[in-house]
>>> print(open('query04.cif').read())   # mmCIF, C-alpha atoms
data_entry
#
loop_
_atom_site.label_atom_id
_atom_site.label_comp_id
_atom_site.auth_asym_id
_atom_site.auth_seq_id
_atom_site.Cartn_x
_atom_site.Cartn_y
_atom_site.Cartn_z
CA MET C 1 -13.89 -49.60 -28.83
CA PRO C 2 -16.67 -47.82 -26.90
CA LYS C 3 -17.65 -44.37 -27.98
CA LEU C 4 -16.68 -41.54 -25.72
CA PRO C 5 -19.56 -39.34 -24.59
CA PRO C 6 -19.61 -35.92 -26.24
CA GLN C 7 -17.83 -33.24 -24.28
CA THR C 8 -20.06 -30.67 -22.64
CA PRO C 9 -19.05 -27.14 -23.63
CA PRO C 10 -18.19 -24.84 -20.72
CA PRO C 11 -20.97 -22.52 -19.57
CA THR C 12 -21.12 -19.29 -21.53
CA ASN C 13 -20.69 -17.14 -18.44
CA LEU C 14 -17.52 -19.06 -17.52
CA VAL C 15 -16.09 -18.46 -21.01
CA TYR C 16 -16.79 -14.73 -20.71
CA PHE C 17 -15.23 -14.63 -17.25
CA LEU C 18 -12.02 -16.35 -18.45
CA PHE C 19 -11.86 -14.05 -21.49
CA PHE C 20 -12.11 -10.88 -19.41
CA LEU C 21 -9.60 -12.27 -16.90
CA LEU C 22 -7.10 -12.85 -19.72
CA LEU C 23 -7.86 -9.43 -21.20
CA ALA C 24 -7.27 -7.73 -17.86
CA ALA C 25 -3.93 -9.49 -17.36
CA THR C 26 -2.82 -8.58 -20.91
CA THR C 27 -3.87 -4.95 -20.45
CA THR C 28 -1.96 -4.72 -17.17
CA ALA C 29 1.18 -6.17 -18.73
CA ASN C 30 0.97 -3.80 -21.71
CA ALA C 31 0.45 -0.82 -19.42
CA ALA C 32 3.47 -1.78 -17.36
CA THR C 33 5.73 -2.01 -20.41
CA SER C 34 4.38 1.15 -22.08
CA GLN C 35 5.89 3.32 -19.34
CA HIS C 36 9.63 3.92 -19.58
CA PHE C 37 11.61 5.12 -16.62
CA LYS C 38 15.07 6.61 -16.16
CA GLU C 39 17.76 4.80 -14.23
CA ALA C 40 18.07 6.19 -10.72
CA PRO C 41 21.50 6.99 -9.27
CA LYS C 42 23.06 4.50 -6.90
CA PHE C 43 23.06 5.52 -3.25
CA TYR C 44 25.72 4.39 -0.77
CA ASN C 45 25.77 3.73 2.95
CA SER C 46 27.30 6.18 5.36
CA HIS C 47 30.33 4.93 7.28
CA ASP C 48 28.40 4.02 10.46
CA CYS C 49 25.83 1.67 8.86
CA PRO C 50 25.85 -2.02 9.94
CA ALA C 51 28.11 -3.72 7.41
CA GLY C 52 26.41 -7.11 7.45
CA ALA C 53 23.05 -5.73 6.38
CA ALA C 54 24.48 -4.47 3.08
CA ALA C 55 24.75 -8.03 1.77
CA GLY C 56 21.98 -9.57 -0.33
CA ASP C 57 20.18 -11.34 2.54
CA MET C 58 16.45 -10.56 2.32
CA CYS C 59 15.93 -11.65 5.94
CA SER C 60 18.54 -9.62 7.79
CA ASP C 61 17.33 -8.16 11.11
CA GLN C 62 19.78 -5.30 10.57
CA SER C 63 17.98 -4.28 7.38
CA TYR C 64 15.04 -1.94 7.03
CA HIS C 65 12.22 -3.87 5.38
CA VAL C 66 9.73 -1.92 3.26
CA ALA C 67 6.57 -3.44 1.79
CA MET C 68 4.62 -1.89 -1.08
CA THR C 69 2.11 -3.02 -3.68
CA LEU C 70 2.92 -2.81 -7.39
CA ASP C 71 0.56 -2.37 -10.31
CA ALA C 72 0.64 -0.61 -13.67
CA ALA C 73 -1.81 2.12 -12.67
CA TYR C 74 0.32 3.33 -9.75
CA LEU C 75 3.75 2.25 -11.01
CA ARG C 76 4.88 5.83 -11.62
CA GLY C 77 4.04 6.71 -8.04
CA SER C 78 5.80 3.60 -6.74
CA MET C 79 8.99 4.48 -8.62
CA ALA C 80 9.00 7.96 -7.10
CA ALA C 81 8.39 6.55 -3.62
CA ILE C 82 11.29 4.09 -3.95
CA LEU C 83 13.64 6.84 -5.11
CA SER C 84 12.63 9.09 -2.22
CA VAL C 85 13.25 6.33 0.34
CA LEU C 86 16.73 5.64 -1.03
CA GLN C 87 17.72 9.27 -1.53
CA HIS C 88 17.00 10.29 2.06
CA SER C 89 18.31 7.16 3.77
CA SER C 90 21.62 7.18 5.64
CA CYS C 91 21.89 3.42 4.97
CA PRO C 92 20.23 2.87 1.57
CA GLU C 93 22.13 -0.36 0.90
CA ASN C 94 20.53 -1.84 4.01
CA ILE C 95 16.97 -1.39 2.74
CA ARG C 96 15.04 -4.41 1.48
CA PHE C 97 11.93 -3.86 -0.62
CA HIS C 98 9.12 -6.42 -0.66
CA PHE C 99 6.69 -5.75 -3.52
CA VAL C 100 3.30 -7.45 -3.80
CA ALA C 101 1.86 -7.62 -7.33
CA ALA C 102 -1.40 -9.11 -8.57
CA ALA C 103 -0.58 -9.24 -12.29
CA ALA C 104 2.31 -8.71 -14.74
CA GLY C 105 4.75 -9.45 -11.93
CA GLU C 106 7.66 -10.25 -14.23
CA SER C 107 7.18 -7.10 -16.32
CA LEU C 108 7.02 -4.99 -13.16
CA ARG C 109 10.11 -6.72 -11.78
CA ARG C 110 12.07 -5.86 -14.93
CA THR C 111 10.95 -2.24 -14.73
CA ILE C 112 12.16 -1.98 -11.14
CA SER C 113 15.45 -3.70 -11.98
CA ASN C 114 16.13 -1.43 -14.95
CA SER C 115 15.66 1.77 -12.95
CA PHE C 116 17.21 0.48 -9.72
CA PRO C 117 19.82 -2.09 -10.80
CA TYR C 118 21.37 -2.19 -7.31
CA LEU C 119 18.10 -2.46 -5.39
CA LYS C 120 17.63 -5.45 -3.12
CA PHE C 121 14.03 -6.52 -3.62
CA ARG C 122 11.63 -9.36 -4.23
CA VAL C 123 8.24 -9.44 -5.97
CA TYR C 124 5.55 -11.64 -4.45
CA PRO C 125 2.41 -12.72 -6.35
CA PHE C 126 -0.93 -11.80 -4.82
CA ASP C 127 -3.91 -14.06 -5.51
CA ASP C 128 -6.87 -11.77 -6.12
CA SER C 129 -9.29 -14.60 -5.47
CA ALA C 130 -8.31 -14.59 -1.79
CA VAL C 131 -10.11 -11.30 -1.29
CA SER C 132 -12.30 -10.59 -4.34
CA GLY C 133 -15.37 -12.21 -2.81
CA LEU C 134 -14.98 -10.13 0.35
CA ILE C 135 -14.82 -6.66 -1.21
CA SER C 136 -17.83 -4.40 -0.86
CA THR C 137 -18.29 -1.41 -3.14
CA SER C 138 -17.08 1.81 -1.56
CA ILE C 139 -17.30 5.53 -2.26
CA ARG C 140 -14.54 5.46 -4.92
CA ALA C 141 -13.93 2.69 -7.47
CA ALA C 142 -10.13 2.80 -7.03
CA LEU C 143 -10.58 1.77 -3.40
CA ASP C 144 -12.22 -1.48 -4.50
CA CYS C 145 -9.11 -2.84 -6.25
CA PRO C 146 -8.21 -6.22 -4.67
CA LEU C 147 -4.55 -5.17 -4.41
CA ASN C 148 -5.60 -2.49 -1.90
CA TYR C 149 -6.32 -5.35 0.47
CA ALA C 150 -2.90 -7.00 0.09
CA ARG C 151 -1.75 -5.24 3.29
CA ASN C 152 -4.17 -7.54 5.15
CA TYR C 153 -2.10 -10.54 4.08
CA LEU C 154 1.50 -9.30 4.41
CA ALA C 155 2.20 -11.70 7.29
CA GLU C 156 1.30 -14.62 5.02
CA ILE C 157 2.91 -13.28 1.84
CA LEU C 158 6.31 -12.17 3.17
CA PRO C 159 8.84 -14.74 4.42
CA SER C 160 8.47 -15.73 8.07
CA CYS C 161 12.05 -14.53 8.66
CA VAL C 162 10.90 -10.92 8.14
CA ARG C 163 9.76 -9.77 11.56
CA ARG C 164 9.18 -6.03 11.16
CA VAL C 165 8.15 -4.12 8.05
CA VAL C 166 7.26 -0.55 7.09
CA TYR C 167 4.23 -0.57 4.82
CA LEU C 168 4.01 2.35 2.37
CA ASP C 169 1.38 3.35 -0.18
CA SER C 170 2.47 4.21 -3.72
CA ASP C 171 1.28 7.83 -3.71
CA LEU C 172 3.81 9.29 -1.31
CA VAL C 173 7.41 10.44 -0.99
CA LEU C 174 9.74 10.54 1.99
CA VAL C 175 11.88 13.55 2.75
CA ASP C 176 13.51 12.04 5.83
CA ASP C 177 15.44 8.91 6.81
CA ILE C 178 13.20 5.85 6.86
CA ALA C 179 15.34 4.40 9.66
CA LYS C 180 13.61 6.82 12.04
CA LEU C 181 10.20 5.48 11.06
CA ALA C 182 11.30 1.83 11.02
CA GLY C 183 12.70 2.19 14.54
CA THR C 184 9.37 3.24 16.06
CA PRO C 185 9.04 1.58 19.51
CA LEU C 186 6.21 -0.95 19.61
CA GLY C 187 6.37 -1.81 23.30
CA ASP C 188 5.99 -5.32 24.63
CA ASP C 189 2.94 -6.49 22.71
CA THR C 190 1.75 -3.82 20.22
CA VAL C 191 1.40 -5.08 16.67
CA LEU C 192 1.16 -1.87 14.67
CA ALA C 193 2.31 1.76 14.78
CA ALA C 194 0.90 4.67 12.76
CA PRO C 195 0.11 8.36 13.17
CA GLU C 196 -3.28 8.78 14.87
CA TYR C 197 -5.74 11.60 14.20
CA CYS C 198 -8.08 11.87 17.17
CA ASN C 199 -9.62 15.11 15.89
CA ALA C 200 -11.25 13.21 13.01
CA ASN C 201 -14.90 12.24 13.35
CA PHE C 202 -14.36 8.55 14.10
CA THR C 203 -18.06 7.67 14.01
CA SER C 204 -18.30 8.73 10.35
CA TYR C 205 -16.25 5.73 9.24
CA PHE C 206 -19.09 3.37 10.14
CA THR C 207 -22.75 3.25 9.17
CA PRO C 208 -25.79 3.88 11.39
CA THR C 209 -26.39 0.13 11.15
CA PHE C 210 -23.11 -0.43 12.99
CA TRP C 211 -23.68 2.15 15.72
CA SER C 212 -27.31 1.17 16.29
CA ASN C 213 -26.41 -2.47 16.89
CA PRO C 214 -25.67 -2.82 20.63
CA THR C 215 -23.27 -5.70 20.11
CA LEU C 216 -21.26 -4.09 17.32
CA SER C 217 -21.09 -0.64 18.89
CA LEU C 218 -19.45 -2.16 21.97
CA THR C 219 -16.42 -3.03 19.80
CA PHE C 220 -14.72 0.23 20.80
CA ALA C 221 -16.16 0.46 24.32
CA ALA C 222 -12.90 -0.16 26.18
CA ARG C 223 -10.64 1.49 23.60
CA ASN C 224 -9.64 5.11 23.03
CA ALA C 225 -10.18 4.59 19.31
CA CYS C 226 -8.89 7.19 16.84
CA TYR C 227 -8.66 7.28 13.06
CA PHE C 228 -5.32 6.31 11.50
CA ASN C 229 -4.33 6.13 7.84
CA THR C 230 -3.24 2.66 6.69
CA GLY C 231 -0.96 4.04 3.95
CA VAL C 232 1.94 4.36 6.39
CA MET C 233 2.34 1.68 9.04
CA VAL C 234 5.07 -0.06 11.01
CA ILE C 235 4.04 -3.69 11.57
CA ASP C 236 5.50 -6.43 13.75
CA LEU C 237 4.76 -9.38 11.47
CA LYS C 238 5.67 -12.00 14.06
CA ARG C 239 3.14 -10.60 16.53
CA TRP C 240 0.63 -10.33 13.69
CA ARG C 241 1.12 -14.00 12.85
CA ASP C 242 0.99 -15.07 16.48
CA GLY C 243 -2.26 -13.17 17.00
CA ASP C 244 -3.78 -14.33 13.68
CA TYR C 245 -4.80 -10.79 12.85
CA THR C 246 -5.50 -11.57 9.20
CA THR C 247 -8.37 -13.80 10.31
CA LYS C 248 -9.71 -11.02 12.56
CA ILE C 249 -9.75 -8.57 9.64
CA VAL C 250 -11.34 -11.12 7.28
CA GLU C 251 -14.10 -11.82 9.81
CA TRP C 252 -15.11 -8.15 9.77
CA MET C 253 -15.07 -8.16 5.96
CA GLU C 254 -17.32 -11.21 5.95
CA LEU C 255 -19.75 -9.45 8.27
CA GLN C 256 -19.69 -6.41 5.96
CA LYS C 257 -20.92 -8.63 3.12
CA ARG C 258 -23.92 -9.66 5.24
CA MET C 259 -24.77 -6.24 6.68
CA ARG C 260 -23.24 -2.95 5.54
CA ILE C 261 -21.36 -1.57 8.55
CA TYR C 262 -18.85 0.76 6.78
CA GLU C 263 -18.29 2.59 3.48
CA LEU C 264 -14.59 3.30 2.95
CA GLY C 265 -12.81 0.31 1.37
CA SER C 266 -9.96 -1.44 3.19
CA LEU C 267 -9.57 1.07 6.05
CA PRO C 268 -12.50 0.26 8.39
CA PRO C 269 -11.50 -3.38 9.08
CA PHE C 270 -8.11 -2.09 10.29
CA LEU C 271 -9.86 0.40 12.54
CA LEU C 272 -12.15 -2.29 13.91
CA VAL C 273 -9.21 -4.52 14.80
CA PHE C 274 -6.51 -2.03 15.81
CA ALA C 275 -7.92 1.44 16.59
CA GLY C 276 -7.06 2.36 20.16
CA ASN C 277 -4.40 -0.33 20.38
CA ILE C 278 -1.58 1.04 18.22
CA ALA C 279 1.74 2.65 19.01
CA PRO C 280 1.90 6.38 18.23
CA VAL C 281 3.92 7.88 15.38
CA ASP C 282 4.46 11.60 14.94
CA HIS C 283 2.15 13.22 12.38
CA GLN C 284 5.15 14.37 10.38
CA TRP C 285 5.40 10.79 9.09
CA ASN C 286 2.09 10.99 7.27
CA GLN C 287 1.17 14.41 5.91
CA HIS C 288 -1.80 12.74 4.23
CA GLY C 289 -4.77 14.04 2.26
CA LEU C 290 -2.71 15.93 -0.32
CA GLY C 291 -4.80 14.29 -3.05
CA GLY C 292 -7.91 16.02 -1.74
CA ASP C 293 -11.10 14.15 -0.89
CA ASN C 294 -12.41 10.97 -2.52
CA PHE C 295 -14.76 12.82 -4.87
CA ARG C 296 -13.13 15.94 -6.36
CA GLY C 297 -9.43 15.68 -5.43
CA LEU C 298 -9.04 19.41 -4.80
CA CYS C 299 -5.75 20.99 -3.72
CA ARG C 300 -4.89 20.99 -0.04
CA ASP C 301 -2.24 22.55 2.16
CA LEU C 302 0.15 20.82 4.51
CA HIS C 303 -0.86 20.26 8.10
CA PRO C 304 1.01 22.48 10.57
CA GLY C 305 4.34 21.18 11.83
CA PRO C 306 7.44 19.40 10.46
CA VAL C 307 7.26 17.10 7.43
CA SER C 308 9.00 13.75 6.94
CA LEU C 309 6.55 12.13 4.51
CA LEU C 310 4.15 13.65 1.95
CA HIS C 311 1.14 11.50 1.12
CA TRP C 312 -1.24 12.20 -1.79
CA SER C 313 -4.09 10.10 -0.39
CA GLY C 314 -7.44 11.03 -1.91
CA LYS C 315 -8.58 11.18 -5.51
CA GLY C 316 -5.96 13.58 -6.92
CA LYS C 317 -2.55 12.08 -7.78
CA PRO C 318 0.39 14.38 -8.52
CA TRP C 319 1.49 12.63 -11.73
CA VAL C 320 -2.04 12.85 -13.17
CA ARG C 321 -2.39 16.54 -12.33
CA LEU C 322 1.09 17.35 -13.66
CA ASP C 323 0.38 15.57 -16.96
CA ALA C 324 -2.88 17.49 -17.28
CA ASN C 325 -1.05 20.79 -16.66
CA ARG C 326 -3.33 21.36 -13.68
CA PRO C 327 -0.97 20.74 -10.75
CA CYS C 328 -1.58 21.76 -7.18
CA PRO C 329 1.20 23.78 -5.53
CA LEU C 330 2.42 20.84 -3.43
CA ASP C 331 2.69 18.58 -6.50
CA ALA C 332 5.95 20.42 -7.21
CA LEU C 333 7.41 18.61 -4.19
CA TRP C 334 6.65 15.24 -5.82
CA ALA C 335 7.97 16.13 -9.29
CA PRO C 336 11.75 15.84 -8.51
CA TYR C 337 11.27 12.13 -7.73
CA ASP C 338 9.45 11.38 -10.99
CA LEU C 339 11.53 8.93 -13.05
CA LEU C 340 9.23 8.73 -16.06
CA GLN C 341 10.99 9.21 -19.40
CA THR C 342 9.28 11.92 -21.44
CA PRO C 343 8.45 11.21 -25.10
CA PHE C 344 11.05 13.80 -26.17
CA VAL C 345 13.81 11.98 -24.29
CA LEU C 346 12.73 8.62 -25.73
CA GLU C 347 12.77 9.95 -29.30
CA SER C 348 16.19 11.54 -28.95
#
>>> encode(input="query04.cif", output="structure tokens")
Amino acid sequence: MPKLPPQTPPPTNLVYFLFFLLLAATTTANAATSQHFKEAPKFYNSHDCPAGAAAGDMCSDQSYHVAMTLDAAYLRGSMAAILSVLQHSSCPENIRFHFVAAAAGESLRRTISNSFPYLKFRVYPFDDSAVSGLISTSIRAALDCPLNYARNYLAEILPSCVRRVVYLDSDLVLVDDIAKLAGTPLGDDTVLAAPEYCNANFTSYFTPTFWSNPTLSLTFAARNACYFNTGVMVIDLKRWRDGDYTTKIVEWMELQKRMRIYELGSLPPFLLVFAGNIAPVDHQWNQHGLGGDNFRGLCRDLHPGPVSLLHWSGKGKPWVRLDANRPCPLDALWAPYDLLQTPFVLES
């Protein structure tokens, strides 16, 4: 019997990479299970809600589809956001949640099920490798998390039967009926709707390298481009798929790897593809920036006008500031939606 050649051991750097990958997954799973949350009350439809949408169908056109990402670091915020959506909805049984998770998906699914036993939802795995090689370092490490880029791939991740979805970040709460936001008119061919902020300095989102390049700077030449925050969006997924907008976003990210044309994480590719071509949404649906800036996270006031959604975008998160006994005044508006079990409650 011929001798088998000796097996070549895997490269040392590959062993280290696999070890840290396993360690990261284990840490995420442990973090997800170390947080204990209360069970939320069940919310019921009002009498004029479409009856068919209350069934368990995850594809119903009569349902309001909400997409969010899930991870251990922001799980507490996600739980509060879910509760706020349900509590202020006139048809909460008609809401379908689509959660995208990169790790510990089963642990996160159990956590959601335990606190919202009647919730109609599905958890979809997100393959970090699809985007990891495209991420450029930004001004804040949290913005470089691969899961931040999952919104780029919603049209591929969610079932093709889901045509329209409301995308929500995990650091926000609604104080109004999500049906109003979900029903935003998109016109005949618009793909995306979001509140626009034309007073913002749009040029600051891109580097001098971008603006000094005559070809690149013409990107916005025929568009009335304004800044919009990607933490609250209404998306027509069918139009997205038909227009292959994921590829358009990825192409800008690939260019960013070759020449630095922006600084701020996952936002600029959306601006490059969509700014100036989105449907308007009233500013009340994204009172953003309550987490302060990306460096210090200082307290901020609300923008003038009515409020339907409070968004703690920026470095400061309300649950972190509350735990540190250093809350900002507006963090008190987030606290009633916090489902975290305190140690005292767990011990008793």
>>> resolve_selection(input="query04.cif", expression="the PyMOL selection byres ((chain C and resi 161) around 12)", output="mmCIF file with C-alpha atoms, in the coordinates of the input")
data_model
loop_
_atom_site.group_PDB
_atom_site.id
_atom_site.type_symbol
_atom_site.label_atom_id
_atom_site.label_comp_id
_atom_site.auth_asym_id
_atom_site.auth_seq_id
_atom_site.Cartn_x
_atom_site.Cartn_y
_atom_site.Cartn_z
ATOM 1 C CA ASP C 57 20.180 -11.340 2.540
ATOM 2 C CA MET C 58 16.450 -10.560 2.320
ATOM 3 C CA CYS C 59 15.930 -11.650 5.940
ATOM 4 C CA SER C 60 18.540 -9.620 7.790
ATOM 5 C CA ASP C 61 17.330 -8.160 11.110
ATOM 6 C CA SER C 63 17.980 -4.280 7.380
ATOM 7 C CA HIS C 65 12.220 -3.870 5.380
ATOM 8 C CA ALA C 155 2.200 -11.700 7.290
ATOM 9 C CA GLU C 156 1.300 -14.620 5.020
ATOM 10 C CA ILE C 157 2.910 -13.280 1.840
ATOM 11 C CA LEU C 158 6.310 -12.170 3.170
ATOM 12 C CA PRO C 159 8.840 -14.740 4.420
ATOM 13 C CA SER C 160 8.470 -15.730 8.070
ATOM 14 C CA VAL C 162 10.900 -10.920 8.140
ATOM 15 C CA ARG C 163 9.760 -9.770 11.560
ATOM 16 C CA ARG C 164 9.180 -6.030 11.160
ATOM 17 C CA VAL C 165 8.150 -4.120 8.050
ATOM 18 C CA ASP C 236 5.500 -6.430 13.750
ATOM 19 C CA LEU C 237 4.760 -9.380 11.470
ATOM 20 C CA LYS C 238 5.670 -12.000 14.060
ATOM 21 C CA ARG C 241 1.120 -14.000 12.850
#
>>> resolve_selection(input="query04.cif", expression="the PyMOL selection byres ((chain C and resi 93) around 12)", output="PyMOL selection string")
chain C and resi 42-47+49-58+62-65+85-92+94-97+116+118-121
>>> atom_distance(input="query04.cif", atom1="CA of Trp252 in chain C", atom2="CA of Val100 in chain C")
22.9 Å
>>> residues_around(input="query04.cif", residues="range 336-341 of chain C", least_positions_apart="5", cutoff="7 Å", atoms="all atoms listed in the file", output="VMD selection string")
chain C and resid 36 to 38 76 79 to 80 83 to 84 346
>>> atom_distance(input="query04.cif", atom1="CA of Leu192 in chain C", atom2="CA of Lys317 in chain C")
26.7 Å
>>> closest_atom_pairs(input="query04.cif", of="range 139-203 of chain C", to="range 290-312 of chain C", cutoff="7 Å", atoms="only C-alpha atoms", output="JSON lines")
{"residue": "C:Arg140", "atom": "CA", "partner": "C:Asn294", "partner_atom": "CA", "distance": 6.4}
{"residue": "C:Asp171", "atom": "CA", "partner": "C:Trp312", "partner_atom": "CA", "distance": 5.4}
{"residue": "C:Leu172", "atom": "CA", "partner": "C:His311", "partner_atom": "CA", "distance": 4.2}
{"residue": "C:Val173", "atom": "CA", "partner": "C:Leu310", "partner_atom": "CA", "distance": 5.4}
{"residue": "C:Leu174", "atom": "CA", "partner": "C:Leu309", "partner_atom": "CA", "distance": 4.4}
{"residue": "C:Val175", "atom": "CA", "partner": "C:Ser308", "partner_atom": "CA", "distance": 5.1}
{"residue": "C:Asp176", "atom": "CA", "partner": "C:Ser308", "partner_atom": "CA", "distance": 4.9}
>>> residues_around(input="query04.cif", residues="Ala67 in chain C", least_positions_apart="3", cutoff="7 Å", atoms="only C-alpha atoms", output="CSV table (one decimal) with C-alpha atoms, in the frame of the given file")
chain,number,residue,atom,x,y,z
C,97,PHE,CA,11.9,-3.9,-0.6
C,98,HIS,CA,9.1,-6.4,-0.7
C,99,PHE,CA,6.7,-5.8,-3.5
C,165,VAL,CA,8.2,-4.1,8.0
C,166,VAL,CA,7.3,-0.6,7.1
C,167,TYR,CA,4.2,-0.6,4.8
C,168,LEU,CA,4.0,2.4,2.4
>>> resolve_selection(input="query04.cif", expression="the PyMOL selection byres ((chain C and resi 277) around 12)", output="CSV table (one decimal) with C-alpha atoms, in the frame of the given file")
chain,number,residue,atom,x,y,z
C,186,LEU,CA,6.2,-1.0,19.6
C,187,GLY,CA,6.4,-1.8,23.3
C,189,ASP,CA,2.9,-6.5,22.7
C,190,THR,CA,1.8,-3.8,20.2
C,191,VAL,CA,1.4,-5.1,16.7
C,192,LEU,CA,1.2,-1.9,14.7
C,193,ALA,CA,2.3,1.8,14.8
C,194,ALA,CA,0.9,4.7,12.8
C,196,GLU,CA,-3.3,8.8,14.9
C,220,PHE,CA,-14.7,0.2,20.8
C,222,ALA,CA,-12.9,-0.2,26.2
C,223,ARG,CA,-10.6,1.5,23.6
C,224,ASN,CA,-9.6,5.1,23.0
C,225,ALA,CA,-10.2,4.6,19.3
C,226,CYS,CA,-8.9,7.2,16.8
C,227,TYR,CA,-8.7,7.3,13.1
C,228,PHE,CA,-5.3,6.3,11.5
C,270,PHE,CA,-8.1,-2.1,10.3
C,271,LEU,CA,-9.9,0.4,12.5
C,272,LEU,CA,-12.2,-2.3,13.9
C,273,VAL,CA,-9.2,-4.5,14.8
C,274,PHE,CA,-6.5,-2.0,15.8
C,275,ALA,CA,-7.9,1.4,16.6
C,276,GLY,CA,-7.1,2.4,20.2
C,278,ILE,CA,-1.6,1.0,18.2
C,279,ALA,CA,1.7,2.6,19.0
C,280,PRO,CA,1.9,6.4,18.2
>>> residues_around(input="query04.cif", residues="Gly133 in chain C", least_positions_apart="4", cutoff="10 Å", atoms="all atoms listed in the file", output="list in words")
Asp128, Ser129, Pro146, Met253, Glu254 and Lys257 of chain C
>>> closest_residue(input="query04.cif", among="C:Ala102, C:Ile249, C:Leu267, C:Val232", to="Phe202 in chain C", atoms="all atoms listed in the file")
C:Leu267
